[in-house]
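Trainee: coords06.txt (compact mmCIF, C-alpha atoms (C1' of nucleotides)) pasted underneath:
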# COMPACT_ATOMS: atom_id res chain seq x y z
CA MET E 1 3.85 30.74 -8.55
CA VAL E 2 2.72 28.51 -5.76
CA SER E 3 0.39 26.30 -7.72
CA GLN E 4 0.25 24.79 -11.16
CA GLN E 5 -2.35 25.18 -13.90
CA VAL E 6 -3.50 21.58 -13.80
CA SER E 7 -3.79 20.39 -10.23
CA ALA E 8 -1.50 17.61 -9.12
CA LEU E 9 -4.48 15.76 -7.74
CA GLU E 10 -6.16 15.69 -11.13
CA ARG E 11 -3.03 14.32 -12.72
CA MET E 12 -2.84 11.63 -10.08
CA LEU E 13 -6.36 10.52 -10.84
CA ASP E 14 -6.26 10.82 -14.63
CA SER E 15 -4.50 8.81 -17.25
CA GLY E 16 -3.04 6.13 -15.02
CA ASN E 17 -0.30 8.51 -13.94
CA PHE E 18 1.01 7.78 -10.47
CA SER E 19 -0.65 4.39 -10.53
CA SER E 20 1.20 1.77 -8.57
CA GLY E 21 4.19 0.47 -10.50
CA CYS E 22 4.14 3.17 -13.18
CA PRO E 23 7.48 4.65 -14.34
CA THR E 24 7.01 7.83 -12.33
CA ARG E 25 6.46 5.89 -9.11
CA VAL E 26 9.44 3.65 -9.79
CA VAL E 27 11.85 6.53 -10.39
CA LEU E 28 10.39 8.50 -7.51
CA ASP E 29 11.04 5.58 -5.19
CA HIS E 30 14.67 5.49 -6.27
CA VAL E 31 15.27 9.20 -6.00
CA MET E 32 13.27 9.87 -2.86
CA SER E 33 14.64 6.92 -0.99
CA ARG E 34 16.42 7.58 2.28
CA TRP E 35 19.86 7.23 0.72
CA GLY E 36 19.14 8.28 -2.86
CA VAL E 37 18.56 11.89 -1.86
CA LEU E 38 21.70 12.10 0.24
CA ILE E 39 23.92 10.52 -2.40
CA LEU E 40 22.61 12.78 -5.14
CA VAL E 41 23.12 15.86 -2.97
CA ALA E 42 26.63 14.73 -2.06
CA LEU E 43 27.47 14.38 -5.75
CA SER E 44 26.02 17.79 -6.60
CA ASP E 45 29.32 19.48 -5.92
CA ARG E 46 31.88 17.37 -7.77
CA PRO E 47 32.82 13.78 -8.63
CA THR E 48 33.30 11.80 -5.46
CA ARG E 49 35.03 8.54 -4.68
CA TRP E 50 33.42 5.52 -3.07
CA GLY E 51 35.20 5.90 0.25
CA GLU E 52 34.44 9.59 0.40
CA LEU E 53 30.75 8.95 -0.21
CA ARG E 54 30.79 6.36 2.53
CA ARG E 55 32.13 8.94 4.99
CA VAL E 56 30.01 11.86 3.86
CA VAL E 57 26.72 9.96 3.84
CA ASP E 58 26.71 9.30 7.54
CA GLY E 59 25.23 6.01 8.66
CA ILE E 60 24.96 4.31 5.28
CA SER E 61 25.99 0.67 5.06
CA GLU E 62 28.27 -0.55 2.30
CA LYS E 63 25.44 -2.64 0.97
CA MET E 64 23.05 0.25 0.61
CA LEU E 65 25.71 2.52 -0.83
CA ALA E 66 26.51 -0.03 -3.54
CA GLN E 67 22.87 -0.85 -4.17
CA THR E 68 21.70 2.75 -4.33
CA LEU E 69 24.58 3.75 -6.60
CA ARG E 70 23.77 0.87 -8.95
CA THR E 71 20.12 1.90 -9.09
CA LEU E 72 20.94 5.53 -9.73
CA GLU E 73 23.44 4.47 -12.39
CA ALA E 74 20.84 2.28 -14.10
CA ASP E 75 18.43 5.22 -14.04
CA GLY E 76 21.05 7.34 -15.78
CA PHE E 77 21.50 9.85 -12.96
CA VAL E 78 24.99 8.79 -11.90
CA HIS E 79 28.10 8.00 -13.90
CA ARG E 80 30.62 5.43 -12.65
CA GLU E 81 34.25 5.78 -13.73
CA VAL E 82 36.79 3.14 -12.87
CA THR E 83 40.50 3.92 -12.83
CA ALA E 84 42.45 0.66 -13.02
CA SER E 85 45.26 1.27 -10.57
CA ILE E 86 46.63 -0.08 -7.32
CA PRO E 87 44.87 0.69 -5.14
CA PRO E 88 41.79 0.78 -7.39
CA ARG E 89 39.90 4.03 -7.69
CA VAL E 90 36.26 4.58 -8.62
CA ASP E 91 34.73 8.00 -9.09
CA TYR E 92 31.02 8.72 -9.16
CA SER E 93 29.56 11.83 -10.76
CA LEU E 94 26.22 13.20 -11.89
CA THR E 95 25.15 12.79 -15.49
CA GLY E 96 23.37 15.60 -17.33
CA SER E 97 20.08 14.07 -16.32
CA GLY E 98 21.27 13.72 -12.72
CA GLY E 99 22.27 17.36 -12.71
CA GLU E 100 18.81 18.47 -13.79
CA LEU E 101 17.29 16.34 -11.09
CA VAL E 102 19.57 17.63 -8.32
CA GLU E 103 18.90 21.18 -9.42
CA ARG E 104 15.29 20.58 -8.40
CA LEU E 105 16.25 18.60 -5.33
CA LEU E 106 18.49 21.15 -3.64
CA PRO E 107 15.86 23.84 -2.94
CA LEU E 108 13.80 21.22 -1.17
CA VAL E 109 16.70 19.89 0.88
CA ASP E 110 17.77 23.42 1.74
CA TRP E 111 14.30 24.28 2.96
CA VAL E 112 14.13 21.18 5.12
CA THR E 113 17.60 21.84 6.52
CA GLU E 114 16.53 25.31 7.54
CA HIS E 115 13.20 24.34 9.10
CA ALA E 116 13.85 20.88 10.51
CA PRO E 117 15.21 21.92 13.92
CA ALA E 118 12.03 23.82 14.75
CA ILE E 119 9.88 20.94 13.52
CA VAL E 120 11.57 18.16 15.43
CA GLY E 121 12.08 20.35 18.45
CA ARG E 122 8.39 20.72 19.16
CA SER E 123 7.51 17.07 18.69
CA MET C 1 21.35 29.10 -10.97
CA VAL C 2 22.41 25.48 -11.03
CA SER C 3 24.65 25.50 -8.00
CA GLN C 4 24.79 27.10 -4.61
CA GLN C 5 27.45 29.32 -3.10
CA VAL C 6 28.51 26.88 -0.43
CA SER C 7 28.69 23.35 -1.81
CA ALA C 8 26.25 20.82 -0.47
CA LEU C 9 29.09 18.43 0.12
CA GLU C 10 30.85 20.87 2.42
CA ARG C 11 27.69 21.36 4.40
CA MET C 12 27.27 17.63 4.76
CA LEU C 13 30.76 17.31 6.18
CA ASP C 14 30.76 20.38 8.40
CA SER C 15 28.95 21.19 11.57
CA GLY C 16 27.32 17.83 12.14
CA ASN C 17 24.67 18.67 9.61
CA PHE C 18 23.22 15.66 7.88
CA SER C 19 24.69 13.41 10.52
CA SER C 20 22.66 10.31 11.19
CA GLY C 21 19.66 11.11 13.38
CA CYS C 22 19.88 14.90 13.07
CA PRO C 23 16.64 16.85 12.62
CA THR C 24 17.20 17.38 8.92
CA ARG C 25 17.60 13.67 8.31
CA VAL C 26 14.54 12.85 10.39
CA VAL C 27 12.26 15.25 8.55
CA LEU C 28 13.77 14.29 5.20
CA ASP C 29 12.93 10.66 5.91
CA HIS C 30 9.32 11.57 6.61
CA VAL C 31 8.89 13.79 3.60
CA MET C 32 10.86 11.74 1.09
CA SER C 33 9.30 8.45 2.09
CA ARG C 34 7.47 6.43 -0.54
CA TRP C 35 4.06 7.56 0.67
CA GLY C 36 4.93 10.93 2.18
CA VAL C 37 5.68 12.49 -1.19
CA LEU C 38 2.50 11.19 -2.79
CA ILE C 39 0.27 12.29 0.07
CA LEU C 40 1.76 15.78 0.15
CA VAL C 41 1.37 16.13 -3.62
CA ALA C 42 -2.20 14.90 -3.44
CA LEU C 43 -2.97 17.54 -0.81
CA SER C 44 -1.31 20.32 -2.83
CA ASP C 45 -4.52 21.08 -4.67
CA ARG C 46 -7.13 21.28 -1.96
CA PRO C 47 -8.25 19.69 1.31
CA THR C 48 -8.93 16.02 0.77
CA ARG C 49 -10.90 13.44 2.68
CA TRP C 50 -9.54 10.16 3.98
CA GLY C 51 -11.37 7.99 1.49
CA GLU C 52 -10.37 10.19 -1.39
CA LEU C 53 -6.71 10.03 -0.35
CA ARG C 54 -6.98 6.28 -0.17
CA ARG C 55 -8.20 6.13 -3.74
CA VAL C 56 -5.86 8.74 -5.19
CA VAL C 57 -2.71 7.34 -3.60
CA ASP C 58 -2.83 4.10 -5.51
CA GLY C 59 -1.61 1.02 -3.70
CA ILE C 60 -1.36 2.45 -0.17
CA SER C 61 -2.70 0.34 2.66
CA GLU C 62 -4.97 1.83 5.31
CA LYS C 63 -2.26 1.22 7.85
CA MET C 64 0.39 3.20 5.99
CA LEU C 65 -2.05 5.98 5.11
CA ALA C 66 -2.94 6.45 8.76
CA GLN C 67 0.66 6.18 9.89
CA THR C 68 2.05 8.58 7.28
CA LEU C 69 -0.70 11.12 7.92
CA ARG C 70 0.01 11.01 11.64
CA THR C 71 3.72 11.58 11.04
CA LEU C 72 3.12 14.49 8.67
CA GLU C 73 0.64 15.96 11.12
CA ALA C 74 3.16 15.71 13.96
CA ASP C 75 5.73 17.45 11.75
CA GLY C 76 3.27 20.27 11.20
CA PHE C 77 2.89 19.80 7.46
CA VAL C 78 -0.66 18.48 7.48
CA HIS C 79 -3.75 19.70 9.29
CA ARG C 80 -6.47 17.26 10.36
CA GLU C 81 -10.00 18.57 10.68
CA VAL C 82 -12.78 16.45 12.05
CA THR C 83 -16.42 17.23 11.30
CA ALA C 84 -18.63 15.48 13.83
CA SER C 85 -21.48 14.29 11.68
CA ILE C 86 -23.13 11.09 10.57
CA PRO C 87 -21.43 9.77 8.59
CA PRO C 88 -18.25 11.22 10.10
CA ARG C 89 -16.04 13.34 7.91
CA VAL C 90 -12.33 14.07 8.20
CA ASP C 91 -10.49 16.48 5.94
CA TYR C 92 -6.76 16.71 5.59
CA SER C 93 -5.07 19.84 4.29
CA LEU C 94 -1.65 21.40 4.08
CA THR C 95 -0.53 23.82 6.76
CA GLY C 96 1.45 26.93 5.85
CA SER C 97 4.61 25.02 6.45
CA GLY C 98 3.35 22.12 4.37
CA GLY C 99 2.52 24.51 1.55
CA GLU C 100 6.04 25.89 1.50
CA LEU C 101 7.39 22.38 1.41
CA VAL C 102 5.13 21.20 -1.40
CA GLU C 103 5.98 24.31 -3.38
CA ARG C 104 9.53 22.97 -3.52
CA LEU C 105 8.42 19.40 -4.01
CA LEU C 106 6.27 19.89 -7.10
CA PRO C 107 8.99 20.97 -9.55
CA LEU C 108 10.88 17.83 -8.64
CA VAL C 109 7.88 15.54 -9.01
CA ASP C 110 6.95 17.24 -12.29
CA TRP C 111 10.45 16.70 -13.66
CA VAL C 112 10.40 13.03 -12.70
CA THR C 113 6.93 12.57 -14.18
CA GLU C 114 8.14 14.00 -17.45
CA HIS C 115 11.37 12.02 -17.67
CA ALA C 116 10.51 8.73 -15.97
CA PRO C 117 9.12 6.89 -19.00
CA ALA C 118 12.36 7.34 -20.92
CA ILE C 119 14.39 6.30 -17.89
CA VAL C 120 12.54 3.13 -17.03
CA GLY C 121 12.08 2.29 -20.68
CA ARG C 122 15.75 1.79 -21.31
CA SER C 123 16.51 -0.25 -18.23
C1' DC F 1 40.15 0.48 -1.96
C1' DG F 2 35.90 -0.97 -3.83
C1' DG F 3 32.94 -3.84 -3.63
C1' DG F 4 30.07 -9.01 -3.51
C1' DA F 5 27.82 -12.71 -0.70
C1' DT F 6 25.60 -14.00 3.28
C1' DC F 7 22.63 -13.95 7.23
C1' DC F 8 19.50 -11.71 10.38
C1' DA F 9 16.34 -8.00 12.20
C1' DT F 10 13.08 -4.86 11.17
C1' DA F 11 9.58 -2.58 8.40
C1' DC F 12 6.06 -2.84 5.30
C1' DT F 13 2.06 -5.06 3.20
C1' DG F 14 -2.42 -7.29 2.70
C1' DA F 15 -6.35 -9.40 4.69
C1' DT F 16 -9.57 -9.52 7.99
C1' DA F 17 -12.31 -8.09 11.73
C1' DC F 18 -14.15 -4.61 14.75
C1' DT F 19 -15.56 0.28 16.51
C1' DG F 20 -17.75 5.12 17.06
C1' DC L 1 -17.14 6.96 6.85
C1' DA L 2 -12.89 6.93 9.16
C1' DG L 3 -10.38 4.72 11.35
C1' DT L 4 -7.82 0.85 14.96
C1' DA L 5 -6.07 -3.98 15.97
C1' DT L 6 -4.01 -8.14 14.82
C1' DC L 7 -1.54 -11.60 12.26
C1' DA L 8 1.18 -13.82 8.67
C1' DG L 9 4.03 -13.30 4.62
C1' DT L 10 7.42 -10.56 2.19
C1' DA L 11 10.54 -6.92 1.02
C1' DT L 12 14.07 -4.00 2.68
C1' DG L 13 17.93 -2.61 5.27
C1' DG L 14 22.05 -3.49 8.33
C1' DA L 15 26.28 -6.16 10.02
C1' DT L 16 29.79 -9.03 8.96
C1' DC L 17 33.06 -11.56 6.39
C1' DC L 18 35.56 -12.15 2.29
C1' DC L 19 37.91 -11.22 -2.20
C1' DG L 20 40.58 -8.96 -6.33
Take the structure in this file and express it as structure tokens.
Mentor:
Amino acid sequence: MVSQQVSALERMLDSGNFSSGCPTRVVLDHVMSRWGVLILVALSDRPTRWGELRRVVDGISEKMLAQTLRTLEADGFVHREVTASIPPRVDYSLTGSGGELVERLLPLVDWVTEHAPAIVGRS
Amino acid sequence: MVSQQVSALERMLDSGNFSSGCPTRVVLDHVMSRWGVLILVALSDRPTRWGELRRVVDGISEKMLAQTLRTLEADGFVHREVTASIPPRVDYSLTGSGGELVERLLPLVDWVTEHAPAIVGRS
DNA sequence: CGGGATCCATACTGATACTG
DNA sequence: CAGTATCAGTATGGATCCCG
């Protein structure tokens, strides 16, 4: 099934969906942001600690890691669990909602991973 | 099938995949950009003209529309067809590669569209 | 170890004007 | 109609320092 019954274009035009500032656009901006995707994919396997995320998401600044995690937490995609110890420990994991989202994100990321070399190579 | 055989986290750590500046990251940034997603989804239905894209992708500036289209064209996801007439006419459509990509993009966008109101509502 | 606060550079936006 | 060019204002991201 390549297409959908009601075309995406129709839905974008009708009913104010996809209008600037609508809920869909807001969430899409969070999820599809440069770092949002990578963090969600990194969490798809298992709960991960702050420092581990920082290493695995190559190139992210501490600011953007914190900011993106807070946004994803506010959206209900990521759960933050603090263990009060010395040294302190914070684990991040996907919520049920986050899991559903990542389930739909991985096929896309996998496809890009597979085809990207050929694409960039010929630019 | 919620998960994959080899965890995404492992793949992010191993083999320099997902390292900053790698082809996957570059293409991902193009596709997952604020406007990239919306333009690709808008084109999923049928070839679309410049002016129509401008209207359907609410809030985009002419500058970003032109820039994003050029990037997606360079990546081989979008085809640009000029009809030399008066008035001039330019149609944009998905390439085969772009179609495969959008096929994996739509389930994600659909899921977000369905769940976004509840998410933003409780923030 | 897990952040918060701050400052600076860049990227994006919006408006306007101009072209083939 | 389908763009390109330019400029000024703003949002976003990165680097660094600091703290519990």
Trainee: So how far away is CA of Asp58 (chain E) from CA of Phe18 (chain C), in Å?
Mentor: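 Answer for the CA of Phe18 (chain C) to CA of Asp58 (chain E) separation: 7.3 Å.
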Trainee: Show me, as a list in words, the residues of chain E whose atoms get within 12 Å of chain L, using all atoms listed in the file for the distance check.
Mentor: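 Output check: Ser33, Arg34, Trp35, Gly59, Ile60, Ser61, Glu62, Lys63, Met64, Leu65, Gln67, Thr68, Ala84, Ile86, Pro87 and Pro88 of chain E.
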Trainee: Now that the selection is made, can you save its residues with C-alpha atoms as an mmCIF file, in the frame of the given file?
Mentor:
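The file below, selection.cif, is the result:
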data_model
loop_
_atom_site.group_PDB
_atom_site.id
_atom_site.type_symbol
_atom_site.label_atom_id
_atom_site.label_comp_id
_atom_site.auth_asym_id
_atom_site.auth_seq_id
_atom_site.Cartn_x
_atom_site.Cartn_y
_atom_site.Cartn_z
ATOM 1 C CA SER E 33 14.640 6.920 -0.990
ATOM 2 C CA ARG E 34 16.420 7.580 2.280
ATOM 3 C CA TRP E 35 19.860 7.230 0.720
ATOM 4 C CA GLY E 59 25.230 6.010 8.660
ATOM 5 C CA ILE E 60 24.960 4.310 5.280
ATOM 6 C CA SER E 61 25.990 0.670 5.060
ATOM 7 C CA GLU E 62 28.270 -0.550 2.300
ATOM 8 C CA LYS E 63 25.440 -2.640 0.970
ATOM 9 C CA MET E 64 23.050 0.250 0.610
ATOM 10 C CA LEU E 65 25.710 2.520 -0.830
ATOM 11 C CA GLN E 67 22.870 -0.850 -4.170
ATOM 12 C CA THR E 68 21.700 2.750 -4.330
ATOM 13 C CA ALA E 84 42.450 0.660 -13.020
ATOM 14 C CA ILE E 86 46.630 -0.080 -7.320
ATOM 15 C CA PRO E 87 44.870 0.690 -5.140
ATOM 16 C CA PRO E 88 41.790 0.780 -7.390
#
Trainee: State, in Å with one decimal place, the distance from CA of Arg89 (chain C) to CA of Arg11 (chain E).
Mentor: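 One can read the CA of Arg89 (chain C) to CA of Arg11 (chain E) distance as 24.4 Å.
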Trainee: So that I can see what lies close to region 41-55 of chain E, please list as a ChimeraX atom specification the residues with an atom at most 9 Å from it, counting all atoms listed in the file and leaving out residues fewer than 5 positions away in the same chain.
Mentor: /E:36,60-62,65-66,78,89-94,98-99,102-103,105-106,109 /C:3-4,7-10,12-13 /F:1-2
Trainee: What does the distance between CA of Gly76 (chain C) and CA of His115 (chain E) come to in Å, to one decimal place?
Mentor: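 Spanning CA of Gly76 (chain C) to CA of His115 (chain E) is a straight-line distance of 10.9 Å.
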Trainee: Could you work out which residues of chain F fall inside 10 Å of chain C? Count all atoms listed in the file, and format the result as an NGL selection string.
Mentor: :F and (12-14 or 20)
Trainee: Which one of E:Thr95, E:Ser85, E:Thr71, E:Ser19 sits closest to chain C if you count only C-alpha atoms?
Mentor: E:Ser19
Trainee: Nearest to chain C: which of E:Leu28, E:Val82, E:Leu40, E:Leu69 is it, counting only C-alpha atoms?
Mentor: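 Using only C-alpha atoms, the shortest distance to chain C belongs to E:Leu28.
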Trainee: Rank C:Val31, C:Ser97, C:Leu108, C:Leu72 by their smallest atom-to-atom distance to chain E, using only C-alpha atoms, and report the top residue only.
Mentor: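 Under the stated criterion, the closest residue is C:Leu108.
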Trainee: Which of these, E:Val27, E:Val6, E:Glu81, E:Arg70, has the shortest distance to chain C once you count all atoms listed in the file?
Mentor: E:Val27
